[in-house]
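Trainee: File name structure.cif; file contents mmCIF, C-alpha atoms and all ligand atoms; full text below.
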```
data_structure
loop_
_atom_site.label_atom_id
_atom_site.label_comp_id
_atom_site.auth_asym_id
_atom_site.auth_seq_id
_atom_site.Cartn_x
_atom_site.Cartn_y
_atom_site.Cartn_z
CA MET A 2 -7.14 9.88 17.71
CA THR A 3 -4.66 9.59 14.86
CA ASP A 4 -1.94 12.15 14.19
CA GLN A 5 -3.02 13.82 10.94
CA THR A 6 0.24 15.77 10.76
CA LEU A 7 1.91 12.49 9.79
CA THR A 8 1.12 12.48 6.09
CA ARG A 9 2.13 10.48 3.06
CA ASP A 10 4.05 13.56 1.86
CA LEU A 11 6.19 13.37 4.99
CA PHE A 12 7.36 9.96 3.81
CA ASN A 13 9.17 11.58 0.90
CA ASP A 14 10.82 14.07 3.25
CA VAL A 15 12.11 11.68 5.89
CA MET A 16 12.32 8.19 4.41
CA VAL A 17 14.85 6.70 2.00
CA PRO A 18 13.03 6.37 -1.34
CA ASN A 19 13.37 2.59 -1.70
CA TYR A 20 9.59 2.19 -1.22
CA ASN A 21 6.73 4.05 -2.83
CA PRO A 22 3.79 3.42 -0.47
CA GLN A 23 0.15 3.95 -1.41
CA THR A 24 -1.45 7.31 -0.65
CA ILE A 25 -3.49 6.15 2.35
CA ILE A 26 -2.00 5.58 5.80
CA PRO A 27 -3.62 2.64 7.61
CA VAL A 28 -3.89 3.12 11.36
CA ARG A 29 -5.89 0.15 12.62
CA GLY A 30 -6.72 -3.42 11.64
CA LYS A 31 -9.06 -6.11 12.89
CA GLY A 32 -9.33 -9.49 11.19
CA SER A 33 -9.29 -8.85 7.44
CA ARG A 34 -10.38 -5.23 7.74
CA VAL A 35 -8.14 -2.16 7.91
CA TRP A 36 -8.95 1.51 8.56
CA ASP A 37 -6.98 4.53 7.37
CA GLN A 38 -6.41 7.92 9.03
CA GLN A 39 -9.70 9.21 7.61
CA GLY A 40 -11.67 6.21 8.91
CA ASN A 41 -12.09 4.59 5.48
CA GLU A 42 -12.53 0.82 5.75
CA PHE A 43 -10.65 -1.62 3.52
CA ILE A 44 -10.80 -5.36 2.93
CA ASP A 45 -7.30 -6.75 3.21
CA PHE A 46 -6.37 -9.33 0.56
CA ALA A 47 -2.69 -8.41 0.94
CA GLY A 48 -2.17 -9.70 4.46
CA GLY A 49 0.99 -7.64 4.89
CA ILE A 50 2.52 -9.63 1.97
CA ALA A 51 1.61 -13.10 3.21
CA VAL A 52 2.53 -12.23 6.80
CA ASN A 53 -0.76 -11.61 8.65
CA ALA A 54 -1.90 -15.20 8.24
CA LEU A 55 -4.40 -14.79 11.06
CA GLY A 56 -5.50 -11.30 10.10
CA HIS A 57 -4.88 -8.19 12.16
CA CYS A 58 -4.88 -8.24 15.96
CA HIS A 59 -6.06 -11.83 16.33
CA PRO A 60 -7.19 -11.98 19.98
CA ARG A 61 -5.02 -15.02 20.79
CA LEU A 62 -1.91 -13.39 19.29
CA VAL A 63 -2.60 -10.12 21.11
CA ALA A 64 -2.98 -12.08 24.35
CA ALA A 65 0.25 -14.03 23.78
CA LEU A 66 2.17 -10.82 23.06
CA LYS A 67 0.74 -8.94 26.04
CA ASP A 68 1.36 -11.86 28.36
CA GLN A 69 5.00 -12.15 27.26
CA ALA A 70 5.43 -8.35 27.36
CA ASP A 71 4.89 -8.47 31.12
CA LYS A 72 7.39 -11.31 31.61
CA LEU A 73 10.56 -11.00 29.55
CA TRP A 74 11.48 -9.15 26.33
CA HIS A 75 15.04 -9.99 25.51
CA LEU A 76 18.05 -11.87 26.77
CA SER A 77 20.42 -12.40 23.82
CA ASN A 78 21.67 -15.88 23.04
CA VAL A 79 23.91 -15.93 26.09
CA TYR A 80 20.75 -17.42 27.61
CA THR A 81 18.02 -19.50 26.04
CA ASN A 82 14.37 -18.89 26.89
CA GLU A 83 11.13 -20.81 27.28
CA PRO A 84 9.19 -19.45 24.27
CA ALA A 85 12.12 -20.22 21.93
CA LEU A 86 12.52 -23.75 23.28
CA ALA A 87 8.79 -24.42 23.04
CA LEU A 88 8.67 -23.12 19.46
CA ALA A 89 11.73 -25.10 18.33
CA LYS A 90 10.28 -28.25 19.90
CA LYS A 91 6.99 -27.67 18.11
CA LEU A 92 8.59 -27.00 14.71
CA THR A 93 10.77 -30.10 14.94
CA GLU A 94 7.81 -32.27 15.94
CA LEU A 95 5.69 -30.99 13.07
CA THR A 96 8.25 -31.12 10.25
CA PHE A 97 11.15 -33.14 8.79
CA ALA A 98 13.53 -31.08 10.90
CA ASP A 99 15.43 -31.97 14.07
CA LYS A 100 17.08 -28.62 14.72
CA VAL A 101 16.13 -24.94 14.50
CA PHE A 102 18.04 -21.67 14.18
CA PHE A 103 16.01 -18.52 14.87
CA ALA A 104 16.40 -15.26 12.96
CA ASN A 105 14.27 -12.14 12.55
CA SER A 106 13.27 -12.23 8.90
CA GLY A 107 13.10 -14.38 5.81
CA GLY A 108 16.29 -12.95 4.37
CA GLU A 109 18.17 -13.76 7.56
CA ALA A 110 16.75 -17.29 7.70
CA ASN A 111 17.97 -17.79 4.13
CA GLU A 112 21.34 -16.24 4.89
CA ALA A 113 21.73 -18.88 7.62
CA ALA A 114 20.51 -21.61 5.25
CA PHE A 115 22.99 -20.72 2.49
CA LYS A 116 25.88 -20.32 4.91
CA LEU A 117 25.05 -23.70 6.46
CA ALA A 118 24.90 -25.37 3.04
CA ARG A 119 28.37 -24.04 2.20
CA LYS A 120 29.77 -24.95 5.60
CA TYR A 121 28.35 -28.47 5.52
CA ALA A 122 30.04 -29.15 2.18
CA TYR A 123 33.25 -27.54 3.41
CA ASP A 124 33.27 -29.69 6.54
CA ASN A 125 32.39 -32.96 4.82
CA VAL A 126 34.00 -32.70 1.38
CA GLY A 127 36.14 -29.59 1.01
CA PRO A 128 36.18 -25.95 -0.05
CA GLU A 129 35.79 -26.78 -3.76
CA LYS A 130 32.23 -28.04 -3.15
CA ASN A 131 30.73 -24.57 -2.84
CA GLU A 132 28.40 -24.04 -5.80
CA ILE A 133 24.79 -23.13 -5.22
CA ILE A 134 22.18 -23.74 -7.89
CA SER A 135 19.06 -21.60 -7.72
CA PHE A 136 16.38 -20.57 -10.18
CA THR A 137 15.52 -17.62 -12.38
CA GLN A 138 12.73 -15.40 -11.06
CA SER A 139 13.31 -16.73 -7.54
CA PHE A 140 13.33 -14.38 -4.56
CA HIS A 141 15.21 -15.10 -1.36
CA GLY A 142 15.57 -11.71 0.34
CA ARG A 143 17.55 -8.48 0.06
CA THR A 144 20.88 -9.15 1.77
CA LEU A 145 23.84 -9.34 -0.58
CA PHE A 146 24.00 -13.17 -0.43
CA THR A 147 20.25 -13.59 -0.82
CA VAL A 148 19.97 -11.22 -3.81
CA SER A 149 22.87 -13.14 -5.33
CA VAL A 150 21.17 -16.51 -4.92
CA GLY A 151 17.88 -14.90 -5.97
CA GLY A 152 17.11 -15.15 -9.66
CA GLN A 153 16.28 -11.51 -10.40
CA GLN A 154 19.17 -9.50 -11.83
CA LYS A 155 17.45 -6.19 -11.06
CA TYR A 156 17.98 -6.73 -7.32
CA ARG A 157 21.74 -7.20 -7.78
CA GLU A 158 22.35 -4.36 -10.19
CA GLY A 159 24.66 -1.69 -8.81
CA PHE A 160 25.53 -3.74 -5.74
CA GLU A 161 28.32 -5.73 -7.37
CA PRO A 162 30.65 -7.36 -6.67
CA VAL A 163 28.27 -10.00 -5.32
CA PRO A 164 29.24 -13.39 -3.87
CA GLY A 165 30.23 -15.93 -6.53
CA GLY A 166 29.68 -19.66 -6.95
CA ILE A 167 26.01 -19.30 -7.84
CA THR A 168 24.33 -20.70 -10.98
CA HIS A 169 20.78 -19.80 -12.00
CA CYS A 170 18.73 -22.38 -13.90
CA PRO A 171 15.26 -21.97 -15.38
CA TYR A 172 12.58 -23.04 -12.88
CA ASN A 173 10.68 -26.29 -13.53
CA ASP A 174 13.27 -27.28 -16.17
CA ILE A 175 14.55 -30.75 -15.27
CA ALA A 176 17.04 -30.96 -18.15
CA ALA A 177 18.66 -27.63 -17.21
CA LEU A 178 19.08 -28.76 -13.60
CA GLU A 179 20.52 -32.11 -14.69
CA ALA A 180 23.03 -30.26 -16.87
CA ALA A 181 24.03 -27.77 -14.16
CA ILE A 182 24.42 -30.00 -11.12
CA SER A 183 27.81 -31.58 -10.40
CA ASP A 184 30.05 -32.80 -7.59
CA LYS A 185 30.89 -29.13 -6.94
CA THR A 186 27.25 -28.35 -6.10
CA CYS A 187 26.70 -27.88 -2.38
CA ALA A 188 23.03 -26.93 -2.55
CA VAL A 189 19.99 -26.60 -4.78
CA VAL A 190 17.84 -23.74 -3.48
CA MET A 191 14.22 -23.26 -4.47
CA GLU A 192 10.87 -21.89 -3.48
CA PRO A 193 8.41 -24.81 -3.89
CA VAL A 194 5.98 -22.12 -5.00
CA GLN A 195 7.70 -19.03 -6.40
CA GLY A 196 6.10 -15.96 -4.83
CA GLU A 197 7.62 -12.63 -5.88
CA GLY A 198 8.58 -14.19 -9.23
CA GLY A 199 4.91 -14.44 -10.30
CA ILE A 200 3.19 -17.16 -8.19
CA ILE A 201 4.52 -20.20 -10.03
CA CYS A 202 4.02 -23.66 -8.54
CA GLY A 203 6.87 -26.12 -8.60
CA ASP A 204 6.09 -28.99 -10.90
CA PRO A 205 5.93 -32.20 -8.76
CA ALA A 206 8.19 -34.09 -11.21
CA PHE A 207 10.73 -31.25 -11.12
CA ILE A 208 10.80 -31.15 -7.33
CA LYS A 209 11.08 -34.93 -7.07
CA ARG A 210 13.94 -34.93 -9.60
CA ALA A 211 15.70 -32.12 -7.71
CA ARG A 212 15.58 -34.30 -4.58
CA GLU A 213 17.03 -37.28 -6.49
CA LEU A 214 19.80 -35.20 -8.05
CA CYS A 215 20.75 -33.72 -4.68
CA ASP A 216 21.04 -37.23 -3.24
CA GLN A 217 23.09 -38.39 -6.23
CA TYR A 218 25.55 -35.46 -6.04
CA ASN A 219 25.65 -35.21 -2.24
CA ALA A 220 24.13 -31.71 -2.35
CA LEU A 221 21.59 -30.28 0.07
CA LEU A 222 18.07 -29.44 -1.03
CA VAL A 223 17.12 -26.08 0.47
CA PHE A 224 13.48 -24.99 0.40
CA ASP A 225 12.70 -21.34 0.88
CA GLU A 226 9.22 -21.51 2.40
CA VAL A 227 9.26 -17.96 3.70
CA GLN A 228 6.14 -17.22 1.64
CA SER A 229 4.71 -20.70 0.94
CA GLY A 230 5.00 -21.96 4.51
CA MET A 231 2.85 -21.93 7.64
CA GLY A 232 -0.45 -22.99 6.14
CA ARG A 233 -0.43 -20.73 3.10
CA THR A 234 -0.86 -23.58 0.58
CA GLY A 235 -3.27 -25.61 2.72
CA GLU A 236 -0.37 -27.73 4.02
CA LEU A 237 1.58 -26.63 7.08
CA TYR A 238 4.57 -26.40 4.71
CA ALA A 239 4.30 -26.71 0.95
CA TYR A 240 6.92 -29.50 0.80
CA MET A 241 4.39 -31.75 2.56
CA GLY A 242 2.24 -31.68 -0.57
CA TYR A 243 5.12 -32.96 -2.75
CA GLY A 244 5.98 -36.17 -0.90
CA ILE A 245 9.67 -35.29 -0.44
CA GLU A 246 11.64 -33.61 2.31
CA PRO A 247 14.28 -30.89 2.02
CA ASP A 248 17.50 -30.86 4.07
CA ILE A 249 17.09 -27.24 5.06
CA LEU A 250 13.95 -25.09 5.13
CA SER A 251 13.57 -21.39 5.81
CA THR A 252 10.36 -20.02 7.25
CA ALA A 253 9.33 -16.49 8.24
CA LYS A 254 6.47 -14.19 7.12
CA ALA A 255 3.34 -16.01 8.43
CA LEU A 256 5.32 -17.66 11.24
CA GLY A 257 5.05 -14.50 13.31
CA GLY A 258 1.63 -13.44 12.07
CA GLY A 259 2.99 -9.87 11.88
CA PHE A 260 5.65 -10.01 14.58
CA PRO A 261 9.11 -10.25 13.00
CA ILE A 262 10.61 -13.74 13.19
CA GLY A 263 12.37 -16.15 10.87
CA ALA A 264 13.68 -19.64 11.34
CA MET A 265 15.93 -22.07 9.57
CA LEU A 266 15.04 -25.73 10.03
CA THR A 267 17.43 -28.60 9.36
CA THR A 268 18.33 -32.16 10.25
CA ASP A 269 20.59 -33.78 12.85
CA LYS A 270 22.90 -34.71 9.99
CA VAL A 271 23.45 -31.16 8.73
CA ALA A 272 23.07 -29.03 11.86
CA PRO A 273 26.50 -29.77 13.41
CA SER A 274 28.18 -27.67 10.70
CA LEU A 275 26.71 -24.57 12.34
CA GLY A 276 28.86 -25.29 15.37
CA PHE A 277 29.42 -23.04 18.37
CA GLY A 278 30.48 -19.56 17.31
CA THR A 279 30.00 -20.06 13.53
CA HIS A 280 26.84 -17.96 13.16
CA GLY A 281 24.50 -15.88 15.27
CA SER A 282 21.93 -13.15 15.72
CA THR A 283 21.38 -10.77 18.64
CA TYR A 284 17.59 -10.90 18.43
CA GLY A 285 17.10 -14.38 16.93
CA GLY A 286 14.88 -16.41 19.24
CA ASN A 287 13.62 -13.30 20.99
CA PRO A 288 10.98 -14.27 23.63
CA LEU A 289 8.35 -11.82 22.34
CA ALA A 290 8.60 -13.11 18.76
CA CYS A 291 8.67 -16.75 19.84
CA ALA A 292 5.70 -16.34 22.20
CA VAL A 293 3.60 -15.01 19.32
CA ALA A 294 4.87 -17.63 16.85
CA ASN A 295 4.00 -20.46 19.27
CA GLU A 296 0.42 -19.24 19.22
CA VAL A 297 0.43 -18.83 15.42
CA VAL A 298 1.58 -22.43 14.94
CA ASP A 299 -0.98 -23.74 17.42
CA ILE A 300 -3.81 -22.00 15.59
CA ILE A 301 -2.75 -22.78 12.02
CA ASN A 302 -1.69 -26.39 12.59
CA ASP A 303 -5.30 -27.51 12.77
CA PRO A 304 -6.75 -29.79 10.08
CA GLN A 305 -9.92 -27.69 10.04
CA VAL A 306 -8.04 -24.42 9.46
CA LEU A 307 -5.84 -25.98 6.77
CA ALA A 308 -8.80 -27.58 4.97
CA ASP A 309 -10.60 -24.26 5.09
CA VAL A 310 -7.67 -22.61 3.26
CA LEU A 311 -8.48 -24.77 0.23
CA ARG A 312 -12.21 -24.10 0.49
CA LYS A 313 -11.58 -20.36 0.65
CA ARG A 314 -9.28 -20.64 -2.36
CA GLN A 315 -12.23 -22.01 -4.30
CA LEU A 316 -14.21 -18.88 -3.38
CA PHE A 317 -11.38 -16.75 -4.78
CA ASP A 318 -11.16 -18.81 -7.96
CA ASP A 319 -14.92 -18.68 -8.51
CA GLY A 320 -15.00 -14.92 -7.92
CA LEU A 321 -11.95 -14.19 -10.07
CA ASN A 322 -13.23 -16.37 -12.90
CA ALA A 323 -16.55 -14.51 -12.82
CA ILE A 324 -14.70 -11.16 -12.93
CA ASN A 325 -12.63 -12.41 -15.84
CA GLU A 326 -15.69 -13.50 -17.80
CA LYS A 327 -16.84 -9.90 -17.70
CA HIS A 328 -13.56 -8.04 -18.12
CA GLN A 329 -11.15 -10.48 -19.84
CA VAL A 330 -7.97 -9.34 -18.11
CA PHE A 331 -6.42 -12.60 -16.85
CA THR A 332 -4.78 -15.42 -18.79
CA GLU A 333 -4.81 -17.79 -15.83
CA LEU A 334 -5.13 -18.17 -12.08
CA ARG A 335 -2.08 -19.62 -10.37
CA GLY A 336 -0.68 -20.61 -7.01
CA LYS A 337 -1.84 -22.86 -4.22
CA GLY A 338 -4.19 -22.31 -1.31
CA LEU A 339 -4.37 -18.66 -0.31
CA LEU A 340 -1.37 -17.67 -2.36
CA VAL A 341 -3.38 -16.51 -5.33
CA GLY A 342 -1.88 -15.24 -8.59
CA ALA A 343 -3.87 -13.82 -11.49
CA ALA A 344 -1.65 -13.44 -14.56
CA LEU A 345 -2.54 -10.44 -16.72
CA LYS A 346 -3.10 -10.65 -20.46
CA PRO A 347 -0.26 -9.27 -22.63
CA GLU A 348 -2.03 -5.95 -23.25
CA TRP A 349 -1.94 -5.33 -19.49
CA HIS A 350 1.69 -6.36 -19.00
CA GLY A 351 3.58 -3.85 -16.87
CA LYS A 352 0.29 -2.57 -15.43
CA ALA A 353 -0.20 -4.74 -12.32
CA ALA A 354 0.42 -1.74 -10.03
CA LYS A 355 -2.43 0.15 -11.76
CA PHE A 356 -4.82 -2.63 -10.73
CA LEU A 357 -3.51 -2.49 -7.18
CA ALA A 358 -4.13 1.27 -6.92
CA ALA A 359 -7.56 0.98 -8.59
CA ALA A 360 -8.67 -1.81 -6.23
CA ARG A 361 -7.53 0.32 -3.29
CA GLU A 362 -9.73 3.17 -4.56
CA HIS A 363 -12.61 0.72 -4.14
CA LYS A 364 -11.42 -0.33 -0.69
CA THR A 365 -9.74 -3.63 -1.48
CA MET A 366 -6.06 -4.09 -0.72
CA ILE A 367 -4.24 -6.46 -3.09
CA LEU A 368 -0.62 -7.15 -4.07
CA VAL A 369 1.35 -7.61 -7.24
CA ALA A 370 3.96 -10.26 -8.01
CA GLY A 371 6.10 -8.47 -10.57
CA PRO A 372 4.65 -6.16 -13.22
CA ASN A 373 2.38 -8.75 -14.87
CA VAL A 374 0.67 -10.62 -12.04
CA ILE A 375 -1.90 -9.60 -9.44
CA ARG A 376 -1.30 -11.37 -6.15
CA MET A 377 -3.50 -11.97 -3.13
CA ALA A 378 -2.27 -13.47 0.14
CA PRO A 379 -5.07 -12.83 2.61
CA SER A 380 -5.51 -14.07 6.14
CA LEU A 381 -5.95 -17.84 6.21
CA VAL A 382 -9.03 -17.29 8.38
CA ILE A 383 -10.59 -14.48 6.33
CA PRO A 384 -14.39 -14.65 6.71
CA ASP A 385 -16.26 -15.70 3.57
CA GLU A 386 -18.24 -12.41 3.62
CA ASP A 387 -14.98 -10.46 3.50
CA ILE A 388 -13.82 -12.46 0.47
CA LYS A 389 -17.07 -11.57 -1.27
CA GLU A 390 -16.86 -7.90 -0.35
CA GLY A 391 -13.18 -7.65 -1.28
CA LEU A 392 -13.77 -9.28 -4.66
CA ALA A 393 -16.58 -6.79 -5.34
CA GLY A 394 -14.11 -3.93 -4.68
CA LEU A 395 -11.49 -5.59 -6.85
CA GLU A 396 -14.01 -5.97 -9.68
CA LYS A 397 -14.84 -2.25 -9.53
CA GLY A 398 -11.14 -1.43 -9.65
CA ILE A 399 -10.62 -3.71 -12.63
CA ALA A 400 -13.64 -2.16 -14.38
CA ASP A 401 -12.08 1.31 -13.93
CA VAL A 402 -8.72 0.22 -15.31
CA VAL A 403 -10.36 -1.51 -18.27
CA ALA A 404 -12.58 1.52 -18.99
CA ALA A 405 -9.51 3.80 -19.04
CA GLY A 406 -7.73 1.40 -21.42
CA PRO A 407 -4.19 -0.04 -21.45
CA ASP A 408 -2.60 3.24 -22.54
CA ALA A 409 -4.10 5.37 -19.73
C1 LIG B 1 9.58 -12.34 1.53
C2 LIG B 1 10.49 -13.41 1.13
C3 LIG B 1 11.84 -13.45 1.56
C4 LIG B 1 12.46 -12.33 2.35
O1 LIG B 1 11.91 -12.19 3.61
P1 LIG B 1 12.23 -10.87 4.46
O2 LIG B 1 11.52 -11.11 5.76
O3 LIG B 1 11.72 -9.70 3.68
O4 LIG B 1 13.71 -10.80 4.63
C5 LIG B 1 12.60 -14.53 1.23
N1 LIG B 1 12.10 -15.54 0.48
C6 LIG B 1 10.83 -15.54 0.04
C7 LIG B 1 10.33 -16.70 -0.76
C8 LIG B 1 9.99 -14.47 0.34
O5 LIG B 1 8.74 -14.46 -0.14
#
```
Give the structure from the file, written as structure tokens.
Ligand SMILES: *Cc1c(COP(=O)(O)O)cnc(C)c1O

Mentor:
Amino acid sequence: MTDQTLTRDLFNDVMVPNYNPQTIIPVRGKGSRVWDQQGNEFIDFAGGIAVNALGHCHPRLVAALKDQADKLWHLSNVYTNEPALALAKKLTELTFADKVFFANSGGEANEAAFKLARKYAYDNVGPEKNEIISFTQSFHGRTLFTVSVGGQQKYREGFEPVPGGITHCPYNDIAALEAAISDKTCAVVMEPVQGEGGIICGDPAFIKRARELCDQYNALLVFDEVQSGMGRTGELYAYMGYGIEPDILSTAKALGGGFPIGAMLTTDKVAPSLGFGTHGSTYGGNPLACAVANEVVDIINDPQVLADVLRKRQLFDDGLNAINEKHQVFTELRGKGLLVGAALKPEWHGKAAKFLAAAREHKTMILVAGPNVIRMAPSLVIPDEDIKEGLAGLEKGIADVVAAGPDA
């Protein structure tokens, strides 16, 4: 059934060592359950890092993919196609945006967003208006431009020289942003909820002030909603919960439910700066990806599904608080909707990966967000029973780590 000659050891032989995957090799998934080569069953609280927003092999997504697979796979952007047009129409109807550019990943959607922000300032003011302000701890992808805008030095180290004209301010610090922004600023870039940086919610006053400052200095407000978007926070996009609108928004991860796709959304005012020939992607807007994403949006953009995200979050909070009463490992629970962060107490700092491995031993898949925060980003439609079962596995994992002690 599965090919047992394909082992975790083989990874070290044939793959570049930029990842260090867990010891098990999953071979099958259904809903929020995953099975490995040996047939062990896991509850999936990781959701492919906030990607599998409808779980594994959702029947409607499988049907959409199979249906499109028999029709048309790829054309390039020399032609447009029906799934891409339908998806762009849908995204513009549901959001602030009037125009869409399709890419294949979050990093590529951001690359397009940052290039557009520069180009818009260049076209409308001049080349001196090129500075991008972003925030410490932020994560925007792994291309050279996106690691440069990203606020984590470790992802830039050794890859210098990196693009210039980028200033990093502390997140949620209004005074620092006021001091940094100027007429030379072309864009302020932020995740409304920081994901990789530790699941930190944007303060509403900070986000509102960022919008005001961008208007005052004729800069664009760019929201990276690659992780926070597509229902994750209980809103279709997190910006909708803040009462402001960005000028550019990047979306990926959950948009494809596991099929690679990214998109950059913007307004009629800004879009013309990405004129004919200025930017492109061979696969962007691929019919297979867009067919699946159309179905994802149709399923998630349902008031019942979105309301249920918040109800399920309460189940996580209740369960995690009960675990913490027993084991005293978290300082706080953070994040919005089903982007759940549990910050570890100082004695467990640097040990988040230990909790991940221990939970996996007890058949619950979780994530980390940096070395000090446990992260969960499960399917938005995870059954309540699976939440309960997964939390039980997580608790056993935590009990093991605690029993071994911080120095183990
Ligand atoms: C994951 C992520 C990205 C990068 O997306 P890729 O698809 O890995 O390129 C960018 N921004 C945020 C906020 C993310 O969480």

Trainee: Which protein, DNA or RNA residues are at most 7 Å from (23.7, -27.6, 7.2) in the file's coordinates when you count only C-alpha atoms, listed as a tab-separated table (two decimals) with C-alpha atoms, in the frame of the given file?

Mentor:
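What landed in out08.tsv:
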```
chain	number	residue	atom	x	y	z
A	117	LEU	CA	25.05	-23.70	6.46
A	118	ALA	CA	24.90	-25.37	3.04
A	120	LYS	CA	29.77	-24.95	5.60
A	121	TYR	CA	28.35	-28.47	5.52
A	249	ILE	CA	17.09	-27.24	5.06
A	267	THR	CA	17.43	-28.60	9.36
A	271	VAL	CA	23.45	-31.16	8.73
A	272	ALA	CA	23.07	-29.03	11.86
A	274	SER	CA	28.18	-27.67	10.70
A	275	LEU	CA	26.71	-24.57	12.34
```

Trainee: All residues within 6 Å of ligand LIG 1 (chain B) are required, counting all atoms listed in the file; please report them as a VMD selection string.

Mentor: chain A and resid 106 to 108 140 to 142 192 196 225 to 228

Trainee: Could you write those residues out with C-alpha atoms, as a short mmCIF file (atom, residue, chain, number, x, y, z; two decimals), in the coordinates of the input?

Mentor:
```cif
data_model
loop_
_atom_site.label_atom_id
_atom_site.label_comp_id
_atom_site.auth_asym_id
_atom_site.auth_seq_id
_atom_site.Cartn_x
_atom_site.Cartn_y
_atom_site.Cartn_z
CA SER A 106 13.27 -12.23 8.90
CA GLY A 107 13.10 -14.38 5.81
CA GLY A 108 16.29 -12.95 4.37
CA PHE A 140 13.33 -14.38 -4.56
CA HIS A 141 15.21 -15.10 -1.36
CA GLY A 142 15.57 -11.71 0.34
CA GLU A 192 10.87 -21.89 -3.48
CA GLY A 196 6.10 -15.96 -4.83
CA ASP A 225 12.70 -21.34 0.88
CA GLU A 226 9.22 -21.51 2.40
CA VAL A 227 9.26 -17.96 3.70
CA GLN A 228 6.14 -17.22 1.64
#
```

Trainee: Using all atoms listed in the file, which protein or nucleic acid residues come within 6 Å of Ile134 in chain A? Drop anything in the same chain fewer than 4 positions from it, and give the result as a list in words.

Mentor: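 So, after excluding close chain neighbours, the residues are Ile167, Thr168, His169 and Val189 of chain A.
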
Trainee: Tell me which protein, DNA and RNA residues are within 10 Å of Lys130 in chain A, counting all atoms listed in the file, leaving out same-chain ones fewer than 5 positions away, and put them as a count of residues only.

Mentor: 17

Trainee: Restricting the calculation to only C-alpha atoms: of A:Asp204, A:Asp385, A:Asp269, A:Glu197, which residue gets closest to Ala370 in chain A?

Mentor: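 Ranking A:Asp204, A:Asp385, A:Asp269, A:Glu197 by distance to Ala370 in chain A, first place goes to A:Glu197.
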
Trainee: Separation of CA of Gly406 in chain A and CA of Phe356 in chain A, in Å?

Mentor: 11.8 Å

Trainee: Hey, can you check how far CA of Asn41 in chain A sits from CA of Thr8 in chain A?

Mentor: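 CA of Thr8 in chain A lies at a distance of 15.4 Å from CA of Asn41 in chain A.
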
Trainee: Distance CA of Ser251 in chain A-CA of Phe97 in chain A, one decimal place?

Mentor: 12.4 Å

Trainee: Using all atoms listed in the file, determine which residues lie at most 12 Å from Glu236 in chain A, disregarding the query and same-chain residues fewer than 2 positions distant; provide the list as a ChimeraX atom specification.

Mentor: /A:95-96,226,229-234,238-244,301-311,337-340,381

Trainee: For a quick check of your reading of the model, name the residues lying within 10 Å of the coordinate (-19.1, -7.9, -14.0), counting all atoms listed in the file, and write them as a list of chain:residue names.

Mentor: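 Nearby residues: A:Ala323, A:Ile324, A:Asn325, A:Glu326, A:Lys327, A:His328, A:Ala393, A:Glu396, A:Lys397, A:Ile399, A:Ala400.
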
Trainee: Fewer than 2 positions away in the same chain doesn't count, so skip those; otherwise give me all residues within 7 Å of Pro288 in chain A, counting only C-alpha atoms, as a PyMOL selection string.

Mentor: chain A and resi 73-75+82+84-85+286+290-292
